[in-house]
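**Q** Input entry-v7.txt, format and content: compact mmCIF, C-alpha atoms.
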# COMPACT_ATOMS: atom_id res chain seq x y z
CA MET A 1038 106.52 104.33 129.83
CA ALA A 1039 106.87 100.91 128.28
CA GLY A 1040 104.82 97.85 129.18
CA ARG A 1041 102.15 97.90 126.53
CA SER A 1042 102.47 97.25 122.84
CA LEU A 1043 100.74 99.66 120.50
CA HIS A 1044 99.15 98.88 117.19
CA ILE A 1045 100.26 101.38 114.57
CA THR A 1046 99.23 101.55 110.93
CA LEU A 1047 101.22 103.52 108.38
CA LEU A 1048 99.26 104.14 105.19
CA TYR A 1049 101.11 105.32 102.13
CA TRP A 1050 100.64 106.08 98.46
CA GLU A 1051 103.48 105.50 96.00
CA GLY A 1052 103.01 108.95 94.46
CA CYS A 1053 104.72 110.52 97.46
CA PRO A 1054 108.36 109.77 98.14
CA SER A 1055 108.19 110.24 101.90
CA HIS A 1056 106.82 107.05 103.41
CA GLN A 1057 110.13 105.27 103.97
CA GLU A 1058 111.41 108.27 105.83
CA ALA A 1059 108.17 108.44 107.81
CA LEU A 1060 108.54 104.79 108.78
CA ALA A 1061 112.15 105.31 109.84
CA ARG A 1062 111.16 108.36 111.88
CA LEU A 1063 108.33 106.41 113.54
CA HIS A 1064 110.67 103.58 114.53
CA ARG A 1065 113.20 106.10 115.82
CA VAL A 1066 110.63 107.79 118.06
CA LEU A 1067 109.30 104.44 119.29
CA ALA A 1068 112.85 103.45 120.23
CA GLU A 1069 113.46 106.77 121.97
CA GLU A 1070 110.25 106.34 123.94
CA GLY A 1071 111.02 102.72 124.73
CA VAL A 1072 107.66 101.65 123.36
CA GLU A 1073 106.97 98.38 121.62
CA ALA A 1074 104.63 98.48 118.68
CA GLU A 1075 103.26 96.28 115.98
CA VAL A 1076 103.61 98.47 112.90
CA THR A 1077 101.53 97.54 109.86
CA VAL A 1078 102.37 99.20 106.57
CA VAL A 1079 99.50 99.49 104.11
CA ARG A 1080 99.82 100.61 100.50
CA VAL A 1081 96.86 102.67 99.34
CA GLU A 1082 96.56 102.26 95.59
CA THR A 1083 93.17 103.45 94.40
CA GLU A 1084 90.65 106.17 95.13
CA GLU A 1085 88.42 103.40 96.48
CA ASP A 1086 91.19 102.39 98.89
CA ALA A 1087 91.49 106.04 99.94
CA GLN A 1088 87.78 106.19 100.72
CA GLN A 1089 87.86 102.92 102.58
CA TRP A 1090 90.82 103.89 104.72
CA ARG A 1091 89.68 107.52 105.15
CA PHE A 1092 93.04 108.39 103.71
CA VAL A 1093 93.68 112.13 103.48
CA GLY A 1094 97.20 111.82 102.15
CA SER A 1095 100.50 110.01 102.27
CA PRO A 1096 101.81 109.19 104.78
CA THR A 1097 98.97 108.76 107.27
CA ILE A 1098 99.80 107.20 110.61
CA LEU A 1099 97.19 105.72 112.90
CA VAL A 1100 98.18 104.95 116.48
CA GLU A 1101 95.61 102.61 118.00
CA GLY A 1102 93.36 103.66 115.14
CA GLU A 1103 93.69 107.40 115.84
CA ASP A 1104 95.22 109.72 113.26
CA ILE A 1105 98.31 111.40 114.72
CA GLN A 1106 97.19 114.75 113.29
CA PRO A 1107 93.47 114.56 112.54
CA SER A 1108 92.37 116.54 109.48
CA PRO A 1109 88.58 116.12 109.41
CA GLU A 1110 88.10 118.80 106.74
CA GLU A 1111 90.37 117.10 104.19
CA PRO A 1112 88.88 114.89 101.45
CA TYR A 1113 89.87 111.26 101.12
CA ARG A 1114 92.13 110.94 98.08
CA LEU A 1115 95.50 109.96 96.69
CA THR A 1116 97.74 112.87 97.51
CA CYS A 1117 100.74 113.89 99.56
CA ARG A 1118 99.87 114.97 103.05
CA VAL A 1119 100.64 118.33 104.59
CA TYR A 1120 101.87 118.23 108.17
CA ARG A 1121 102.07 121.34 110.28
CA TRP A 1122 104.90 121.28 112.76
CA GLU A 1123 104.84 122.81 116.21
CA ASP A 1124 107.15 125.62 115.06
CA GLY A 1125 104.88 126.52 112.13
CA ARG A 1126 106.84 124.71 109.46
CA ILE A 1127 105.03 122.81 106.71
CA SER A 1128 106.39 119.39 105.89
CA PRO A 1129 105.41 116.25 104.00
CA LEU A 1130 106.33 114.33 107.17
CA PRO A 1131 105.08 114.53 110.74
CA SER A 1132 107.50 116.00 113.22
CA PRO A 1133 109.07 113.69 115.79
CA GLU A 1134 107.16 115.65 118.43
CA THR A 1135 103.82 114.96 116.73
CA LEU A 1136 104.64 111.25 116.70
CA ARG A 1137 105.81 111.33 120.29
CA ARG A 1138 102.64 113.03 121.50
CA ALA A 1139 100.42 110.59 119.61
CA ILE A 1140 102.27 107.63 121.13
CA ARG A 1141 102.07 109.04 124.64
CA ARG A 1142 98.40 109.88 124.17
CA ALA A 1143 97.65 106.32 123.08
CA LEU A 1144 99.48 104.88 126.06
CA GLU A 1145 97.37 106.98 128.40
CA GLN A 1146 94.18 105.50 126.94
CA PRO A 1147 92.82 102.13 128.01
CA SER A 1148 93.73 99.37 125.58
CA ARG A 1149 91.06 98.69 122.95
CA ARG A 1150 92.20 95.15 122.42
CA MET B 905 112.60 111.28 83.60
CA ALA B 906 112.71 114.75 82.04
CA ASN B 907 112.68 115.02 78.27
CA LEU B 908 115.29 117.76 78.41
CA ARG B 909 118.90 116.80 78.93
CA ILE B 910 121.69 118.97 80.24
CA GLY B 911 122.90 120.95 77.23
CA ASP B 912 119.50 120.99 75.50
CA ARG B 913 117.87 124.27 74.51
CA ILE B 914 114.84 125.63 76.30
CA LEU B 915 111.41 124.68 74.96
CA PRO B 916 109.46 127.87 74.37
CA PHE B 917 106.03 128.45 75.91
CA ARG B 918 103.49 131.18 76.41
CA LEU B 919 101.23 130.88 79.43
CA PRO B 920 98.82 133.05 81.40
CA GLY B 921 100.04 134.29 84.76
CA THR B 922 98.25 135.02 87.99
CA ASP B 923 99.12 138.69 87.38
CA GLY B 924 96.67 138.79 84.44
CA ARG B 925 99.41 138.87 81.80
CA GLU B 926 100.73 136.29 79.38
CA HIS B 927 104.36 135.31 79.84
CA ALA B 928 106.61 133.84 77.19
CA VAL B 929 110.20 132.69 77.31
CA GLU B 930 111.20 135.40 74.84
CA ASP B 931 109.84 138.10 77.16
CA TYR B 932 112.86 137.46 79.36
CA ALA B 933 115.55 137.62 76.70
CA ASP B 934 117.47 140.21 78.74
CA LYS B 935 117.83 137.91 81.74
CA ALA B 936 121.12 136.15 82.36
CA VAL B 937 119.46 133.07 83.82
CA LEU B 938 115.95 131.72 83.45
CA VAL B 939 114.73 129.28 86.09
CA VAL B 940 111.62 127.29 85.23
CA ILE B 941 110.08 125.52 88.22
CA PHE B 942 107.11 123.19 87.97
CA SER B 943 105.13 123.92 91.10
CA CYS B 944 101.59 123.97 92.47
CA ASN B 945 99.56 125.02 95.49
CA HIS B 946 98.67 121.82 97.27
CA CYS B 947 101.93 119.91 97.48
CA PRO B 948 103.61 119.85 100.90
CA TYR B 949 107.04 119.66 99.28
CA VAL B 950 106.36 122.88 97.40
CA ARG B 951 105.10 124.48 100.57
CA ALA B 952 108.16 123.31 102.48
CA TRP B 953 110.46 124.86 99.86
CA GLU B 954 108.27 127.85 98.98
CA ASP B 955 109.97 130.44 101.16
CA ARG B 956 113.35 129.32 99.84
CA MET B 957 112.17 129.81 96.25
CA ILE B 958 110.97 133.29 97.15
CA GLY B 959 114.20 134.05 98.97
CA LEU B 960 116.37 132.90 96.08
CA GLN B 961 114.44 134.95 93.54
CA ARG B 962 114.79 138.04 95.72
CA ALA B 963 118.46 137.39 96.35
CA TYR B 964 119.32 136.92 92.67
CA ALA B 965 116.93 139.32 90.95
CA ASP B 966 119.54 142.07 90.76
CA ARG B 967 121.95 139.67 89.08
CA GLY B 968 119.62 138.95 86.19
CA VAL B 969 118.04 135.76 87.44
CA GLN B 970 114.37 135.27 86.63
CA PHE B 971 112.19 132.51 88.07
CA LEU B 972 109.03 131.35 86.29
CA LEU B 973 106.79 129.04 88.30
CA ILE B 974 104.38 126.84 86.35
CA SER B 975 101.49 124.83 87.73
CA SER B 976 100.29 122.06 85.42
CA ASN B 977 98.13 120.12 87.87
CA ASP B 978 94.59 119.06 87.00
CA PRO B 979 92.30 121.29 89.10
CA GLU B 980 89.39 118.89 88.70
CA GLN B 981 91.20 116.38 90.87
CA TYR B 982 92.94 119.02 92.99
CA PRO B 983 90.70 122.09 93.29
CA GLU B 984 93.30 123.91 95.37
CA ASP B 985 95.44 124.02 92.21
CA SER B 986 92.84 125.94 90.19
CA PHE B 987 93.85 129.19 88.52
CA ASP B 988 91.77 131.15 91.06
CA ARG B 989 93.50 129.45 93.95
CA MET B 990 96.86 130.05 92.26
CA ARG B 991 96.05 133.77 92.18
CA GLU B 992 95.21 133.66 95.89
CA ARG B 993 98.43 131.84 96.71
CA ALA B 994 100.60 134.24 94.72
CA ARG B 995 98.95 137.20 96.44
CA GLN B 996 99.11 135.72 99.93
CA LYS B 997 102.78 134.84 99.66
CA GLY B 998 103.78 137.91 97.68
CA TYR B 999 105.38 135.86 94.94
CA PRO B 1000 108.24 137.88 93.41
CA PHE B 1001 108.00 135.81 90.19
CA PRO B 1002 105.28 135.04 87.65
CA TYR B 1003 103.09 132.06 88.56
CA LEU B 1004 101.85 130.52 85.31
CA TYR B 1005 98.99 128.18 84.58
CA ASP B 1006 99.66 125.32 82.16
CA GLU B 1007 96.01 124.38 81.72
CA THR B 1008 96.54 121.95 78.84
CA GLN B 1009 99.56 120.41 80.60
CA GLU B 1010 101.44 120.65 77.31
CA VAL B 1011 104.42 122.42 78.84
CA ALA B 1012 104.85 119.81 81.56
CA TRP B 1013 104.49 117.05 78.97
CA ALA B 1014 107.04 118.69 76.69
CA TYR B 1015 109.57 119.15 79.47
CA GLY B 1016 108.90 115.68 80.84
CA ALA B 1017 108.42 117.17 84.28
CA GLU B 1018 107.19 114.67 86.85
CA ARG B 1019 107.30 116.33 90.24
CA THR B 1020 106.55 119.52 92.07
CA PRO B 1021 108.82 121.25 92.67
CA GLU B 1022 111.09 120.38 89.74
CA VAL B 1023 113.71 122.90 88.65
CA PHE B 1024 115.19 123.64 85.19
CA VAL B 1025 117.95 126.28 85.03
CA PHE B 1026 118.81 127.84 81.67
CA ASP B 1027 121.80 130.06 80.96
CA ARG B 1028 121.87 133.21 78.81
CA GLU B 1029 121.84 131.12 75.61
CA ARG B 1030 118.87 129.26 77.14
CA VAL B 1031 120.77 126.03 77.40
CA LEU B 1032 119.79 123.71 80.25
CA ARG B 1033 122.51 123.79 82.90
CA TYR B 1034 120.76 122.31 85.95
CA HIS B 1035 117.78 120.05 86.49
CA GLY B 1036 116.43 118.64 89.74
CA ALA B 1037 115.73 119.61 93.31
CA ILE B 1038 116.15 122.97 95.03
CA ASP B 1039 118.42 121.54 97.72
CA ASP B 1040 118.88 118.38 99.73
CA ASN B 1041 116.61 119.06 102.71
CA TYR B 1042 112.98 120.01 102.23
CA GLU B 1043 112.31 119.87 105.93
CA ASP B 1044 114.92 122.09 107.46
CA PRO B 1045 116.57 125.02 105.66
CA GLU B 1046 119.20 125.17 108.40
CA ALA B 1047 120.25 121.59 107.74
CA VAL B 1048 120.81 121.95 103.98
CA ARG B 1049 124.21 120.57 102.98
CA HIS B 1050 123.89 120.89 99.23
CA PRO B 1051 122.09 124.01 97.98
CA TYR B 1052 121.88 122.69 94.41
CA LEU B 1053 119.91 125.53 92.89
CA ARG B 1054 121.96 128.26 94.54
CA ASP B 1055 125.18 126.54 93.49
CA ALA B 1056 123.87 126.25 89.93
CA LEU B 1057 122.97 129.95 89.82
CA GLU B 1058 126.39 130.96 91.11
CA ALA B 1059 128.14 128.73 88.58
CA VAL B 1060 126.10 129.89 85.60
CA LEU B 1061 126.47 133.56 86.58
CA ALA B 1062 130.23 133.05 86.88
CA GLY B 1063 130.42 131.27 83.52
CA GLN B 1064 131.54 128.05 85.19
CA GLU B 1065 130.43 124.44 85.05
CA VAL B 1066 127.58 123.63 87.42
CA PRO B 1067 129.11 121.37 90.09
CA VAL B 1068 126.09 119.05 90.28
CA PRO B 1069 124.12 119.52 87.06
CA GLU B 1070 121.44 116.96 87.77
CA THR B 1071 119.70 115.70 90.92
CA ARG B 1072 116.57 113.70 91.54
CA PRO B 1073 113.55 115.99 91.91
CA VAL B 1074 111.78 115.26 95.20
CA GLY B 1075 108.12 116.12 95.52
CA CYS B 1076 104.55 115.32 94.60
CA THR B 1077 103.78 113.82 91.23
CA ILE B 1078 102.26 116.16 88.68
CA LYS B 1079 98.53 115.50 88.62
CA TRP B 1080 97.74 114.60 85.04
CA ARG B 1081 94.28 114.84 83.63
CA LYS B 1082 92.64 111.47 83.25
CA LYS B 1083 92.33 112.22 79.54
CA PRO B 1084 95.05 114.65 78.45
CA ALA B 1085 93.51 117.85 77.15
CA ARG B 1086 95.92 117.80 74.24
CA ALA B 1087 94.71 114.37 73.01
Taking this structure as input, can you express it in the form of structure tokens?
**A**
Amino acid sequence: MAGRSLHITLLYWEGCPSHQEALARLHRVLAEEGVEAEVTVVRVETEEDAQQWRFVGSPTILVEGEDIQPSPEEPYRLTCRVYRWEDGRISPLPSPETLRRAIRRALEQPSRR
Amino acid sequence: MANLRIGDRILPFRLPGTDGREHAVEDYADKAVLVVIFSCNHCPYVRAWEDRMIGLQRAYADRGVQFLLISSNDPEQYPEDSFDRMRERARQKGYPFPYLYDETQEVAWAYGAERTPEVFVFDRERVLRYHGAIDDNYEDPEAVRHPYLRDALEAVLAGQEVPVPETRPVGCTIKWRKKPARA
């Protein structure tokens, strides 16, 4: 599946303790998938930043600019993000499967760069 | 860091509950253990641990353990933490414990609570015996290696020292009002 490098942005807010774990999980899934990626970590500090980044909570992960679990109904603000897992669990972190699907989806799309 | 230290006495409070009643610490004088948990509706950490809180209250109710959940979050910034939404949440989930609204945030300030969920366990003399997280894995109940709260309840009920009396609370920050209502 490798061959193309993805651009991934991880947005986080310090008020949530989960972003380091999210970053580690992201790198783990990328390694499992054999995908190279340029991962940019962005700290969201203010409500203005949240508006600018369309940040619905920490952590938010954009793969090729696409949110891994779009939440169009959520307001942009400094908060911890709710992820719904495939088995119905609620977690502050995306499941490995959610990350995997987002990565595979992005690889199926034509490169935007 | 919490204002209360292990060995400190409980700080009394009286707060309205989602059940339409007021609840005070002294109302539970007959309980062997009082567990105060700062909680809320919106936080994913609370939601990840919510069923475990419910399960623990049910499991220990017959042994004189009483949980009191308190939400202190500012509903202007987080409308899902309003008192109305708290009532909805308690009803939807069938909370087996009072869910109290700390509108002025004075209780959270007094306790020095910082996160949701953040647990304070008091023994029969209302001395703090455990403070911190519910367990060591918010994501997967099956993968918990250290059930801190359960261990604390067992120890206090048995009249023993709590094996791990303090852990770092893991969760969302409490959402303080921009200008504290008490100021």
**Q** Residues of chain B within 6 Å of chain A, using only C-alpha atoms, as a list of chain:residue names?
**A**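 Here is what falls inside 6 Å: B:Pro948, B:Ala952, B:Glu1043, B:Cys1076, B:Thr1077.
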**Q** Keeping only C-alpha atoms, write those residues as a PDB file, in the coordinates of the input.
**A**
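Wrote out_27.pdb, looks like this:
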ATOM      1  CA  PRO B 948     103.610 119.850 100.900  1.00  0.00           C
ATOM      2  CA  ALA B 952     108.160 123.310 102.480  1.00  0.00           C
ATOM      3  CA  GLU B1043     112.310 119.870 105.930  1.00  0.00           C
ATOM      4  CA  CYS B1076     104.550 115.320  94.600  1.00  0.00           C
ATOM      5  CA  THR B1077     103.780 113.820  91.230  1.00  0.00           C
TER       6      THR B1077
END
**Q** Tell me, as a VMD selection string, which residues lie within 12 Å of A:Arg1065, counting all atoms listed in the file; anything in the same chain fewer than 3 positions away does not count.
**A** chain A and resid 1058 to 1062 1068 to 1074 1132 to 1134 1136 to 1137
**Q** So how far away is atom CA of A:Tyr1113 from atom CA of A:Gln1088, in Å?
**A** 5.5 Å
**Q** Just to confirm, what's the straight-line distance from atom CA of B:Gly1016 to atom CA of B:His927 in Å (one decimal)?
**A**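 Separating atom CA of B:Gly1016 from atom CA of B:His927 is a distance of 20.2 Å.
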**Q** Need to verify the contact set: stretch 1095-1100 of chain A, 7 Å, all atoms listed in the file, exclusion of same-chain residues closer than 3 positions in sequence. Can you return it as number ranges by chain?
**A** A: 1044-1050, 1053, 1056, 1092, 1103-1105, 1116-1118, 1139-1140, 1143
**Q** Just C-alpha atoms for this one: save the residues we selected as an mmCIF file, in the coordinates of the input.
**A**
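Written output follows (part29.cif):
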data_model
loop_
_atom_site.group_PDB
_atom_site.id
_atom_site.type_symbol
_atom_site.label_atom_id
_atom_site.label_comp_id
_atom_site.auth_asym_id
_atom_site.auth_seq_id
_atom_site.Cartn_x
_atom_site.Cartn_y
_atom_site.Cartn_z
ATOM 1 C CA HIS A 1044 99.150 98.880 117.190
ATOM 2 C CA ILE A 1045 100.260 101.380 114.570
ATOM 3 C CA THR A 1046 99.230 101.550 110.930
ATOM 4 C CA LEU A 1047 101.220 103.520 108.380
ATOM 5 C CA LEU A 1048 99.260 104.140 105.190
ATOM 6 C CA TYR A 1049 101.110 105.320 102.130
ATOM 7 C CA TRP A 1050 100.640 106.080 98.460
ATOM 8 C CA CYS A 1053 104.720 110.520 97.460
ATOM 9 C CA HIS A 1056 106.820 107.050 103.410
ATOM 10 C CA PHE A 1092 93.040 108.390 103.710
ATOM 11 C CA GLU A 1103 93.690 107.400 115.840
ATOM 12 C CA ASP A 1104 95.220 109.720 113.260
ATOM 13 C CA ILE A 1105 98.310 111.400 114.720
ATOM 14 C CA THR A 1116 97.740 112.870 97.510
ATOM 15 C CA CYS A 1117 100.740 113.890 99.560
ATOM 16 C CA ARG A 1118 99.870 114.970 103.050
ATOM 17 C CA ALA A 1139 100.420 110.590 119.610
ATOM 18 C CA ILE A 1140 102.270 107.630 121.130
ATOM 19 C CA ALA A 1143 97.650 106.320 123.080
#
**Q** Around the point (102.0, 127.8, 85.8), in the coordinates given by the file, pick out the residues reaching within 9 Å, counting all atoms listed in the file, and return them as a list in words.
**A**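 Within the cut-off we find Leu919, Pro920, Gly921, Thr922, Ile941, Phe942, Ser943, Cys944, Leu972, Leu973, Ile974, Ser975, Ser976, Asn977, Phe987, Met990, Pro1002, Tyr1003, Leu1004, Tyr1005, Asp1006 and Glu1007 of chain B.
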**Q** Distance atom CA of A:Gln1057-atom CA of A:Leu1043, one decimal place?
**A**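 Atom CA of A:Leu1043 lies at a distance of 19.8 Å from atom CA of A:Gln1057.
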**Q** Please provide as a ChimeraX atom specification all residues within 9 Å of A:Leu1144, with the sequence filter that same-chain residues fewer than 3 positions apart are discarded (counting all atoms listed in the file).
**A** /A:1038-1039,1041-1043,1139-1141,1147-1148
